[in-house]
>>> print(open('coords_19.csv').read())   # CSV, C-alpha atoms and all ligand atoms
chain,number,residue,atom,x,y,z
A,1,MET,CA,0.8,-22.0,-33.7
A,2,GLU,CA,-1.3,-25.0,-32.6
A,3,ILE,CA,-3.3,-23.8,-29.6
A,4,PRO,CA,-4.0,-26.6,-27.0
A,5,ALA,CA,-7.7,-27.5,-27.1
A,6,ASP,CA,-8.3,-27.8,-23.3
A,7,CYS,CA,-6.6,-25.3,-21.1
A,8,VAL,CA,-6.5,-24.6,-17.4
A,9,VAL,CA,-5.6,-21.1,-16.4
A,10,THR,CA,-4.9,-20.6,-12.7
A,11,GLY,CA,-5.2,-17.0,-11.6
A,12,GLY,CA,-7.5,-16.5,-14.6
A,13,ALA,CA,-9.6,-13.9,-12.9
A,14,GLY,CA,-6.6,-11.6,-12.5
A,15,PHE,CA,-5.2,-9.0,-14.8
A,16,LEU,CA,-3.0,-11.1,-17.0
A,17,GLY,CA,-5.1,-14.3,-16.6
A,18,SER,CA,-8.3,-12.7,-17.8
A,19,TRP,CA,-6.5,-11.5,-21.0
A,20,LEU,CA,-5.0,-15.0,-21.5
A,21,CYS,CA,-8.5,-16.7,-21.0
A,22,GLU,CA,-10.0,-14.3,-23.5
A,23,ARG,CA,-7.3,-14.9,-26.1
A,24,LEU,CA,-7.4,-18.7,-25.7
A,25,LEU,CA,-11.2,-18.7,-26.2
A,26,ALA,CA,-10.8,-16.4,-29.3
A,27,GLU,CA,-8.4,-19.1,-30.6
A,28,GLY,CA,-11.1,-21.8,-30.2
A,29,ALA,CA,-9.8,-23.4,-27.0
A,30,ARG,CA,-11.9,-24.5,-24.0
A,31,VAL,CA,-10.8,-22.8,-20.8
A,32,VAL,CA,-11.2,-23.6,-17.1
A,33,CYS,CA,-10.3,-20.6,-15.1
A,34,VAL,CA,-9.3,-21.5,-11.5
A,35,ASP,CA,-9.1,-18.6,-9.1
A,36,SER,CA,-9.7,-17.9,-5.4
A,37,LEU,CA,-10.4,-14.2,-6.1
A,38,VAL,CA,-7.9,-13.3,-3.4
A,39,THR,CA,-6.7,-10.4,-5.6
A,40,GLY,CA,-8.6,-11.0,-8.8
A,41,SER,CA,-12.3,-10.2,-9.5
A,42,THR,CA,-15.3,-11.7,-11.2
A,43,ALA,CA,-15.6,-8.4,-13.0
A,44,ASN,CA,-12.5,-9.3,-15.0
A,45,ILE,CA,-14.1,-12.4,-16.5
A,46,ALA,CA,-17.8,-11.2,-16.5
A,47,HIS,CA,-17.6,-10.8,-20.3
A,48,LEU,CA,-16.4,-14.4,-20.7
A,49,ARG,CA,-19.0,-16.1,-18.5
A,50,GLU,CA,-21.5,-16.6,-21.3
A,51,THR,CA,-18.8,-17.7,-23.9
A,52,ALA,CA,-19.1,-21.3,-24.9
A,53,GLY,CA,-16.1,-23.3,-23.6
A,54,PHE,CA,-15.5,-21.1,-20.6
A,55,ARG,CA,-15.8,-22.4,-17.1
A,56,PHE,CA,-14.9,-20.7,-13.8
A,57,VAL,CA,-13.8,-22.8,-10.7
A,58,ASP,CA,-13.5,-20.9,-7.4
A,59,ALA,CA,-10.6,-22.7,-5.7
A,60,ASP,CA,-7.4,-22.0,-3.8
A,61,VAL,CA,-4.5,-23.6,-5.7
A,62,THR,CA,-2.5,-24.0,-2.5
A,63,VAL,CA,-5.2,-26.5,-1.4
A,64,GLY,CA,-5.7,-28.2,-4.8
A,65,ILE,CA,-7.0,-27.8,-8.3
A,66,PRO,CA,-10.3,-29.5,-8.7
A,67,VAL,CA,-10.5,-29.9,-12.4
A,68,GLU,CA,-12.1,-32.9,-14.1
A,69,GLY,CA,-11.8,-33.9,-17.8
A,70,ARG,CA,-9.2,-33.5,-20.4
A,71,VAL,CA,-6.3,-31.1,-19.9
A,72,ASP,CA,-3.8,-30.2,-22.7
A,73,ALA,CA,-2.2,-27.2,-21.1
A,74,VAL,CA,-1.9,-25.7,-17.6
A,75,PHE,CA,-1.0,-22.0,-17.4
A,76,HIS,CA,0.0,-21.3,-13.8
A,77,LEU,CA,-0.5,-17.6,-13.0
A,78,ALA,CA,-2.2,-17.8,-9.5
A,79,SER,CA,-0.1,-15.7,-7.1
A,80,PRO,CA,-0.4,-12.3,-5.4
A,81,ALA,CA,1.6,-10.1,-7.8
A,82,SER,CA,1.9,-6.6,-6.6
A,83,PRO,CA,4.0,-5.4,-3.7
A,84,VAL,CA,0.9,-4.1,-1.9
A,85,HIS,CA,-0.7,-7.6,-2.1
A,86,TYR,CA,2.2,-9.9,-1.5
A,87,GLN,CA,3.5,-7.9,1.4
A,88,ARG,CA,0.1,-8.0,3.0
A,89,MET,CA,0.0,-11.8,2.4
A,90,PRO,CA,3.6,-13.1,2.7
A,91,LEU,CA,2.7,-16.7,3.7
A,92,GLU,CA,-0.1,-17.0,1.2
A,93,THR,CA,2.4,-15.8,-1.5
A,94,LEU,CA,5.0,-18.3,-0.6
A,95,ARG,CA,2.3,-21.0,-0.5
A,96,ALA,CA,1.1,-20.0,-4.0
A,97,GLY,CA,4.7,-20.4,-5.3
A,98,SER,CA,5.3,-23.7,-3.5
A,99,HIS,CA,2.2,-25.7,-2.9
A,100,GLY,CA,0.2,-24.0,-5.6
A,101,THR,CA,2.9,-24.6,-8.2
A,102,GLY,CA,3.2,-28.2,-7.0
A,103,HIS,CA,-0.5,-28.8,-7.5
A,104,ALA,CA,-0.5,-27.2,-11.0
A,105,LEU,CA,2.6,-29.3,-12.0
A,106,ASP,CA,0.9,-32.5,-10.7
A,107,LEU,CA,-2.2,-31.7,-12.7
A,108,ALA,CA,-0.2,-31.2,-15.9
A,109,ALA,CA,1.8,-34.4,-15.3
A,110,ARG,CA,-1.3,-36.5,-14.7
A,111,HIS,CA,-2.7,-35.4,-18.1
A,112,GLY,CA,0.6,-35.3,-20.0
A,113,ALA,CA,-0.2,-31.6,-20.6
A,114,ARG,CA,2.1,-28.7,-21.3
A,115,PHE,CA,2.8,-26.6,-18.2
A,116,LEU,CA,3.7,-22.9,-18.2
A,117,LEU,CA,4.9,-21.1,-15.1
A,118,ALA,CA,4.3,-17.4,-14.9
A,119,SER,CA,7.6,-16.5,-13.2
A,120,SER,CA,8.9,-12.9,-12.9
A,121,SER,CA,11.7,-10.6,-13.6
A,122,GLU,CA,11.8,-10.3,-9.8
A,123,VAL,CA,13.9,-13.5,-9.7
A,124,TYR,CA,16.8,-11.1,-10.8
A,125,GLY,CA,16.2,-8.9,-7.7
A,126,ASP,CA,18.0,-5.6,-7.8
A,127,PRO,CA,20.3,-6.6,-10.8
A,128,GLU,CA,24.0,-6.0,-11.3
A,129,GLU,CA,23.6,-7.2,-14.9
A,130,HIS,CA,21.8,-4.9,-17.3
A,131,PRO,CA,19.9,-5.7,-19.4
A,132,GLN,CA,19.1,-9.0,-17.7
A,133,ARG,CA,19.7,-12.2,-19.6
A,134,GLU,CA,18.2,-15.5,-18.5
A,135,THR,CA,21.7,-16.7,-17.5
A,136,TYR,CA,21.9,-14.0,-14.9
A,137,ARG,CA,21.4,-15.6,-11.4
A,138,GLY,CA,20.1,-12.5,-9.7
A,139,ARG,CA,20.6,-10.5,-6.6
A,140,VAL,CA,17.7,-11.3,-4.2
A,141,ASP,CA,17.7,-10.7,-0.5
A,142,PRO,CA,16.2,-13.9,1.0
A,143,THR,CA,14.9,-12.1,4.1
A,144,GLY,CA,14.3,-8.7,2.6
A,145,PRO,CA,10.9,-6.9,2.2
A,146,ARG,CA,10.2,-8.4,-1.2
A,147,SER,CA,11.6,-11.9,-0.4
A,148,MET,CA,8.2,-13.6,-0.1
A,149,TYR,CA,7.5,-12.9,-3.7
A,150,ASP,CA,11.0,-13.1,-5.2
A,151,GLU,CA,11.9,-16.3,-3.4
A,152,ALA,CA,8.4,-17.8,-4.1
A,153,LYS,CA,9.1,-17.4,-7.8
A,154,ARG,CA,12.6,-18.7,-7.5
A,155,PHE,CA,11.4,-21.8,-5.7
A,156,ALA,CA,8.5,-22.2,-8.3
A,157,GLU,CA,11.2,-22.2,-11.0
A,158,ALA,CA,13.3,-24.8,-9.2
A,159,LEU,CA,10.2,-27.0,-8.6
A,160,THR,CA,9.2,-26.7,-12.3
A,161,VAL,CA,12.7,-27.8,-13.4
A,162,ALA,CA,12.7,-30.7,-10.8
A,163,HIS,CA,9.3,-31.9,-12.1
A,164,HIS,CA,10.6,-32.0,-15.6
A,165,VAL,CA,13.7,-33.9,-14.5
A,166,GLU,CA,11.9,-36.5,-12.3
A,167,HIS,CA,8.6,-36.9,-14.1
A,168,GLY,CA,9.4,-35.7,-17.6
A,169,THR,CA,6.6,-33.1,-17.3
A,170,ARG,CA,6.6,-30.8,-20.4
A,171,THR,CA,7.4,-27.6,-18.6
A,172,ALA,CA,8.1,-24.0,-19.6
A,173,ILE,CA,9.1,-21.0,-17.6
A,174,ALA,CA,8.2,-17.5,-18.6
A,175,ARG,CA,10.0,-14.6,-16.8
A,176,ILE,CA,7.5,-11.8,-17.1
A,177,PHE,CA,8.6,-8.2,-16.9
A,178,ASN,CA,6.3,-5.3,-16.0
A,179,THR,CA,3.2,-5.5,-18.0
A,180,TYR,CA,0.3,-3.0,-18.1
A,181,GLY,CA,-3.1,-2.6,-19.6
A,182,PRO,CA,-6.9,-2.5,-18.9
A,183,ARG,CA,-8.1,-4.6,-15.9
A,184,MET,CA,-5.2,-3.8,-13.6
A,185,ASP,CA,-6.4,-3.2,-10.1
A,186,PRO,CA,-6.5,0.6,-9.6
A,187,GLU,CA,-5.5,0.1,-6.0
A,188,ASP,CA,-2.7,-2.5,-6.2
A,189,GLY,CA,0.0,0.1,-5.9
A,190,ARG,CA,1.7,-0.7,-9.3
A,191,LEU,CA,3.2,2.1,-11.3
A,192,VAL,CA,0.8,2.4,-14.2
A,193,PRO,CA,-2.6,2.1,-12.4
A,194,THR,CA,-1.4,4.4,-9.6
A,195,LEU,CA,-0.3,7.2,-12.0
A,196,MET,CA,-3.4,6.6,-14.2
A,197,VAL,CA,-5.8,7.1,-11.4
A,198,GLN,CA,-3.9,10.1,-10.1
A,199,ALA,CA,-3.8,11.7,-13.5
A,200,LEU,CA,-7.5,11.1,-14.2
A,201,THR,CA,-8.7,12.4,-10.8
A,202,GLY,CA,-6.6,15.5,-10.7
A,203,GLN,CA,-4.3,14.3,-7.9
A,204,PRO,CA,-0.5,14.9,-8.0
A,205,LEU,CA,1.4,12.1,-9.8
A,206,THR,CA,3.6,10.4,-7.2
A,207,VAL,CA,7.0,9.6,-8.5
A,208,ALA,CA,9.3,7.6,-6.2
A,209,GLY,CA,12.8,9.1,-5.5
A,210,ASP,CA,14.3,11.3,-8.3
A,211,GLY,CA,12.3,9.3,-10.9
A,212,ASN,CA,15.5,8.3,-12.8
A,213,GLN,CA,15.0,4.6,-11.9
A,214,THR,CA,13.9,2.7,-15.0
A,215,ARG,CA,11.1,0.3,-16.0
A,216,SER,CA,10.4,-1.4,-19.3
A,217,LEU,CA,6.6,-1.6,-19.8
A,218,CYS,CA,4.9,-4.2,-22.0
A,219,TRP,CA,1.4,-4.0,-23.4
A,220,VAL,CA,-0.7,-6.9,-22.1
A,221,GLY,CA,-1.8,-8.1,-25.6
A,222,ASP,CA,1.9,-8.5,-26.6
A,223,LEU,CA,2.7,-10.3,-23.4
A,224,VAL,CA,-0.2,-12.8,-23.8
A,225,ASP,CA,1.0,-13.5,-27.4
A,226,GLY,CA,4.5,-14.3,-26.0
A,227,LEU,CA,2.9,-16.7,-23.4
A,228,LEU,CA,1.0,-18.5,-26.1
A,229,ARG,CA,4.1,-18.8,-28.3
A,230,LEU,CA,6.0,-20.3,-25.5
A,231,ALA,CA,3.2,-22.7,-24.5
A,232,CYS,CA,3.0,-23.9,-28.1
A,233,SER,CA,6.7,-24.5,-28.5
A,234,ASP,CA,9.0,-27.2,-27.0
A,235,GLU,CA,11.1,-24.5,-25.3
A,236,PRO,CA,11.6,-25.2,-21.6
A,237,GLY,CA,12.9,-21.7,-20.8
A,238,PRO,CA,13.4,-19.7,-18.8
A,239,VAL,CA,12.5,-17.1,-21.4
A,240,ASN,CA,12.3,-13.4,-20.7
A,241,LEU,CA,9.0,-11.9,-21.9
A,242,GLY,CA,8.4,-8.2,-21.7
A,243,SER,CA,9.4,-4.9,-23.4
A,244,ASP,CA,12.9,-3.7,-23.8
A,245,ASP,CA,11.8,-0.1,-24.4
A,246,GLU,CA,13.4,1.2,-21.2
A,247,ARG,CA,12.1,4.4,-19.7
A,248,SER,CA,12.7,6.4,-16.5
A,249,VAL,CA,9.7,6.5,-14.2
A,250,SER,CA,9.6,10.3,-14.7
A,251,GLU,CA,9.2,9.7,-18.4
A,252,VAL,CA,6.4,7.2,-17.9
A,253,ALA,CA,4.6,9.8,-15.6
A,254,GLU,CA,5.0,12.4,-18.4
A,255,VAL,CA,3.5,10.1,-21.1
A,256,ILE,CA,0.6,9.3,-18.8
A,257,ARG,CA,0.0,13.0,-18.2
A,258,GLN,CA,-0.1,13.5,-21.9
A,259,VAL,CA,-2.4,10.6,-22.8
A,260,THR,CA,-4.8,11.5,-20.1
A,261,GLY,CA,-4.7,15.2,-20.8
A,262,SER,CA,-3.9,15.8,-17.1
A,263,THR,CA,-2.4,18.9,-15.7
A,264,SER,CA,-1.5,17.3,-12.4
A,265,PRO,CA,1.9,18.2,-11.0
A,266,VAL,CA,4.5,15.5,-10.2
A,267,GLN,CA,5.1,14.9,-6.5
A,268,HIS,CA,8.3,13.1,-5.4
A,269,VAL,CA,7.9,10.5,-2.6
A,270,PRO,CA,10.4,8.2,-0.9
A,271,ARG,CA,11.4,5.0,-2.8
A,272,ALA,CA,10.2,1.7,-1.4
A,273,PRO,CA,13.0,-0.3,0.2
A,274,GLN,CA,14.9,-2.5,-2.2
A,275,ASP,CA,12.9,-1.2,-5.2
A,276,PRO,CA,15.0,-2.2,-8.2
A,277,LEU,CA,16.9,0.7,-9.8
A,278,VAL,CA,16.9,-0.7,-13.3
A,279,ARG,CA,14.8,-3.2,-15.2
A,280,LYS,CA,15.1,-4.3,-18.8
A,281,PRO,CA,15.0,-7.7,-20.4
A,282,ASP,CA,17.5,-9.0,-22.9
A,283,LEU,CA,15.0,-10.5,-25.4
A,284,THR,CA,17.4,-12.4,-27.6
A,285,ARG,CA,16.1,-15.8,-26.4
A,286,ALA,CA,12.4,-14.8,-27.0
A,287,ARG,CA,13.3,-13.4,-30.5
A,288,THR,CA,15.4,-16.4,-31.6
A,289,ARG,CA,13.6,-19.3,-30.0
A,290,LEU,CA,10.0,-18.1,-30.2
A,291,GLY,CA,10.1,-15.5,-33.0
A,292,TRP,CA,8.5,-13.1,-30.5
A,293,SER,CA,9.0,-9.5,-29.6
A,294,PRO,CA,6.6,-6.8,-28.4
A,295,THR,CA,5.2,-4.5,-31.1
A,296,THR,CA,2.9,-2.0,-29.3
A,297,PRO,CA,4.5,1.4,-28.7
A,298,LEU,CA,4.3,2.7,-25.1
A,299,ARG,CA,2.2,5.7,-25.9
A,300,MET,CA,-0.4,3.6,-27.8
A,301,GLY,CA,-0.7,1.1,-25.1
A,302,LEU,CA,-1.0,3.8,-22.4
A,303,SER,CA,-3.6,5.6,-24.4
A,304,ARG,CA,-5.7,2.4,-24.6
A,305,THR,CA,-5.2,1.9,-20.9
A,306,ALA,CA,-6.1,5.5,-20.1
A,307,ALA,CA,-9.4,5.1,-22.0
A,308,TRP,CA,-10.2,2.0,-19.9
A,309,PHE,CA,-9.4,3.6,-16.6
A,310,ALA,CA,-11.4,6.7,-17.5
A,311,ASP,CA,-14.4,4.5,-18.2
A,312,GLN,CA,-13.9,2.6,-14.9
A,313,LEU,CA,-13.6,5.8,-12.9
A,314,ALA,CA,-16.8,7.2,-14.5
A,315,THR,CA,-18.8,4.2,-13.2
A,316,ASP,CA,-16.9,3.4,-10.0
A,317,PRO,CA,-15.1,6.4,-8.5
A,318,PRO,CA,-11.9,5.6,-6.6
A,319,HIS,CA,-11.5,5.4,-2.8
A,320,ALA,CA,-9.8,8.4,-1.2
A,321,SER,CA,-6.6,6.5,-0.4
A,322,VAL,CA,-5.4,5.9,-4.1
B,401,LIG,P1,-3.3,-10.4,-10.4
B,401,LIG,O1,-3.2,-10.2,-9.0
B,401,LIG,O2,-4.2,-9.5,-11.2
B,401,LIG,O3,-3.7,-11.9,-10.8
B,401,LIG,C1,-3.4,-13.0,-9.9
B,401,LIG,C2,-4.6,-13.9,-9.8
B,401,LIG,O4,-4.2,-15.0,-9.1
B,401,LIG,C3,-5.7,-13.2,-9.1
B,401,LIG,O5,-6.9,-13.4,-9.8
B,401,LIG,C4,-5.8,-13.9,-7.7
B,401,LIG,O6,-7.1,-13.9,-7.2
B,401,LIG,C5,-5.3,-15.3,-8.1
B,401,LIG,N1,-4.7,-16.0,-7.0
B,401,LIG,C6,-3.7,-15.6,-6.1
B,401,LIG,N2,-3.5,-16.6,-5.2
B,401,LIG,C7,-4.3,-17.6,-5.5
B,401,LIG,C8,-4.5,-18.9,-5.0
B,401,LIG,N3,-3.8,-19.3,-3.9
B,401,LIG,N4,-5.4,-19.7,-5.6
B,401,LIG,C9,-6.2,-19.3,-6.6
B,401,LIG,N5,-6.0,-18.1,-7.2
B,401,LIG,C10,-5.1,-17.3,-6.7
B,401,LIG,O7,-1.8,-10.3,-11.0
B,401,LIG,P2,-1.3,-10.4,-12.5
B,401,LIG,O8,-0.5,-9.1,-12.7
B,401,LIG,O9,-2.4,-10.8,-13.4
B,401,LIG,O10,-0.2,-11.5,-12.4
B,401,LIG,C11,-0.5,-12.9,-12.9
B,401,LIG,C12,0.8,-13.7,-12.7
B,401,LIG,O11,1.8,-13.2,-13.6
B,401,LIG,C13,1.3,-13.8,-11.3
B,401,LIG,O12,1.8,-15.1,-11.1
B,401,LIG,C14,2.5,-12.8,-11.3
B,401,LIG,O13,3.4,-13.1,-10.4
B,401,LIG,C15,3.0,-12.9,-12.8
B,401,LIG,N6,3.7,-11.7,-13.2
B,401,LIG,C16,2.9,-10.6,-13.5
B,401,LIG,C17,3.6,-9.4,-13.9
B,401,LIG,C18,2.9,-8.2,-14.3
B,401,LIG,O14,3.5,-7.2,-14.7
B,401,LIG,N7,1.6,-8.1,-14.3
B,401,LIG,C19,5.0,-9.4,-14.0
B,401,LIG,C20,5.7,-10.6,-13.6
B,401,LIG,C21,5.0,-11.7,-13.3
>>> encode(input="coords_19.csv", output="structure tokens")
Amino acid sequence: MEIPADCVVTGGAGFLGSWLCERLLAEGARVVCVDSLVTGSTANIAHLRETAGFRFVDADVTVGIPVEGRVDAVFHLASPASPVHYQRMPLETLRAGSHGTGHALDLAARHGARFLLASSSEVYGDPEEHPQRETYRGRVDPTGPRSMYDEAKRFAEALTVAHHVEHGTRTAIARIFNTYGPRMDPEDGRLVPTLMVQALTGQPLTVAGDGNQTRSLCWVGDLVDGLLRLACSDEPGPVNLGSDDERSVSEVAEVIRQVTGSTSPVQHVPRAPQDPLVRKPDLTRARTRLGWSPTTPLRMGLSRTAAWFADQLATDPPHASV
């Protein structure tokens, strides 16, 4: 794999972005991390600030991406990503997918750089096809409670394809499925951080509905490897990246109880409106075109994540609302 020498990572101070910056630096690349810190944090990149070749630019990608110098690859991750965040910032989320993606594409086109869009399994909505292949067109409610995110990603994909067609921009679309690991925001309402914090602080583990709805959770290190393989290929995508180890939400809660050594009971709470019932990628394309599939077992990844959350909670106890 030939890693691009000069990379721009938008959303680089977020969960996935900080892991991507770290991996690119470890591979010898120079990295400009562009982030407005709207949901990310400087704590996520504090360990990179002294690394040679790393630069942080505080900017809102919906306004512009003020990066000078050579650019070989643009990884566009900047967007609110959890329901708690995107439902609080619906217009900001739509602007990140539209104006933000436009600015990132223009930057890549100006430099003849490779462009990678961090799209989402949410483009499939609440799916009727299972597992989801890239050819599935999805079932998204354009005015529903998740529409600001789902439609922003769908528009971002359309814009990416249009840029390739009109300008020949070297684009790639990654459809990322639920990914977990250290540096997830403990208060962003996503499944793993919510259950981790509850388990580690002796609160009941809240499981939505009957807990039979499924998720397929991917270890962040595996996911970042998939993003790099896609960026280093000529594959335009879309390519599903995630884990196909499908588990019920109840099962995930049980594994988290075990790896944290928690005795907290499970408490069933109402499901969020239009929360997808099933989620599992068909990974044939990733396997055949990129030679990629995730390798980290769920229990191992969740153990590592639990250790990180335990550490965080020891230094920064949670707010009462989590
Ligand atoms: P995150 O919230 O931790 O990171 C997103 C980052 O983007 C944050 O640092 C935030 O400050 C930044 N950002 C948001 N809007 C911005 C703007 N207008 N200008 C500059 N920076 C901005 O979320 P994440 O989980 O790391 O997700 C990263 C990307 O991957 C997102 O595009 C998300 O939609 C996509 N994705 C993530 C997952 C997952 O499971 N984590 C799944 C599917 C897709």
>>> closest_residue(input="coords_19.csv", among="A:Ser120, A:Gly261, A:His111, A:Arg88", to="A:Val8", atoms="all atoms listed in the file")
A:His111
>>> residues_near_point(input="coords_19.csv", point="(7.8, -4.0, -34.8)", cutoff="12 Å", atoms="all atoms listed in the file", output="compact mmCIF listing (two decimals) with C-alpha atoms, in the coordinates of the input")
# COMPACT_ATOMS: atom_id res chain seq x y z
CA ASP A 222 1.90 -8.50 -26.60
CA SER A 243 9.40 -4.90 -23.40
CA ASP A 245 11.80 -0.10 -24.40
CA ARG A 287 13.30 -13.40 -30.50
CA GLY A 291 10.10 -15.50 -33.00
CA TRP A 292 8.50 -13.10 -30.50
CA SER A 293 9.00 -9.50 -29.60
CA PRO A 294 6.60 -6.80 -28.40
CA THR A 295 5.20 -4.50 -31.10
CA THR A 296 2.90 -2.00 -29.30
CA PRO A 297 4.50 1.40 -28.70
>>> residues_around(input="coords_19.csv", residues="A:His103", least_positions_apart="2", cutoff="9 Å", atoms="all atoms listed in the file", output="number ranges by chain")
A: 61-65, 98-101, 105-108
>>> atom_distance(input="coords_19.csv", atom1="atom CA of A:Arg175", atom2="atom CA of A:Arg304")
24.4 Å
>>> closest_residue(input="coords_19.csv", among="A:Phe15, A:Phe56, A:Phe75, A:Phe309", to="A:Thr201", atoms="all atoms listed in the file")
A:Phe309
>>> decode(input="coords_19.csv", residues="stretch 272-292 of chain A", atoms="N, CA and C atoms", output="JSON list (two decimals), in the first residue's frame")
[["chain", "number", "residue", "atom", "x", "y", "z"],
["A", 272, "ALA", "N", -35.82, 4.62, 19.87],
["A", 272, "ALA", "CA", -35.90, 5.92, 19.20],
["A", 272, "ALA", "C", -36.71, 5.75, 17.91],
["A", 273, "PRO", "N", -37.49, 6.79, 17.50],
["A", 273, "PRO", "CA", -38.26, 6.66, 16.27],
["A", 273, "PRO", "C", -37.36, 6.39, 15.06],
["A", 274, "GLN", "N", -37.78, 5.45, 14.23],
["A", 274, "GLN", "CA", -37.08, 5.09, 12.98],
["A", 274, "GLN", "C", -35.66, 4.57, 13.19],
["A", 275, "ASP", "N", -35.41, 4.08, 14.38],
["A", 275, "ASP", "CA", -34.13, 3.41, 14.67],
["A", 275, "ASP", "C", -34.12, 2.11, 13.83],
["A", 276, "PRO", "N", -33.06, 1.87, 13.01],
["A", 276, "PRO", "CA", -33.10, 0.67, 12.15],
["A", 276, "PRO", "C", -33.17, -0.62, 12.97],
["A", 277, "LEU", "N", -33.96, -1.59, 12.46],
["A", 277, "LEU", "CA", -34.14, -2.87, 13.17],
["A", 277, "LEU", "C", -32.94, -3.79, 12.99],
["A", 278, "VAL", "N", -32.38, -3.77, 11.78],
["A", 278, "VAL", "CA", -31.22, -4.62, 11.50],
["A", 278, "VAL", "C", -30.14, -3.81, 10.79],
["A", 279, "ARG", "N", -28.91, -4.25, 10.96],
["A", 279, "ARG", "CA", -27.78, -3.57, 10.34],
["A", 279, "ARG", "C", -26.64, -4.57, 10.17],
["A", 280, "LYS", "N", -26.28, -4.84, 8.94],
["A", 280, "LYS", "CA", -25.16, -5.73, 8.69],
["A", 280, "LYS", "C", -24.68, -5.53, 7.26],
["A", 281, "PRO", "N", -23.41, -5.23, 7.08],
["A", 281, "PRO", "CA", -22.93, -5.02, 5.71],
["A", 281, "PRO", "C", -22.67, -6.33, 4.99],
["A", 282, "ASP", "N", -22.92, -6.33, 3.69],
["A", 282, "ASP", "CA", -22.35, -7.37, 2.84],
["A", 282, "ASP", "C", -20.95, -6.87, 2.48],
["A", 283, "LEU", "N", -19.93, -7.63, 2.84],
["A", 283, "LEU", "CA", -18.54, -7.15, 2.66],
["A", 283, "LEU", "C", -17.86, -7.72, 1.43],
["A", 284, "THR", "N", -18.65, -8.32, 0.52],
["A", 284, "THR", "CA", -18.02, -8.96, -0.65],
["A", 284, "THR", "C", -17.14, -7.97, -1.42],
["A", 285, "ARG", "N", -17.66, -6.76, -1.62],
["A", 285, "ARG", "CA", -16.90, -5.78, -2.40],
["A", 285, "ARG", "C", -15.58, -5.42, -1.70],
["A", 286, "ALA", "N", -15.64, -5.18, -0.40],
["A", 286, "ALA", "CA", -14.42, -4.82, 0.34],
["A", 286, "ALA", "C", -13.40, -5.97, 0.28],
["A", 287, "ARG", "N", -13.91, -7.19, 0.39],
["A", 287, "ARG", "CA", -13.01, -8.36, 0.38],
["A", 287, "ARG", "C", -12.37, -8.55, -0.99],
["A", 288, "THR", "N", -13.21, -8.47, -2.05],
["A", 288, "THR", "CA", -12.69, -8.81, -3.38],
["A", 288, "THR", "C", -11.91, -7.64, -4.00],
["A", 289, "ARG", "N", -12.35, -6.40, -3.76],
["A", 289, "ARG", "CA", -11.70, -5.28, -4.45],
["A", 289, "ARG", "C", -10.57, -4.66, -3.63],
["A", 290, "LEU", "N", -10.66, -4.77, -2.29],
["A", 290, "LEU", "CA", -9.63, -4.14, -1.45],
["A", 290, "LEU", "C", -8.81, -5.17, -0.68],
["A", 291, "GLY", "N", -9.25, -6.42, -0.69],
["A", 291, "GLY", "CA", -8.58, -7.45, 0.12],
["A", 291, "GLY", "C", -8.70, -7.14, 1.60],
["A", 292, "TRP", "N", -9.79, -6.51, 1.98],
["A", 292, "TRP", "CA", -9.96, -6.08, 3.38],
["A", 292, "TRP", "C", -11.13, -6.78, 4.04]]
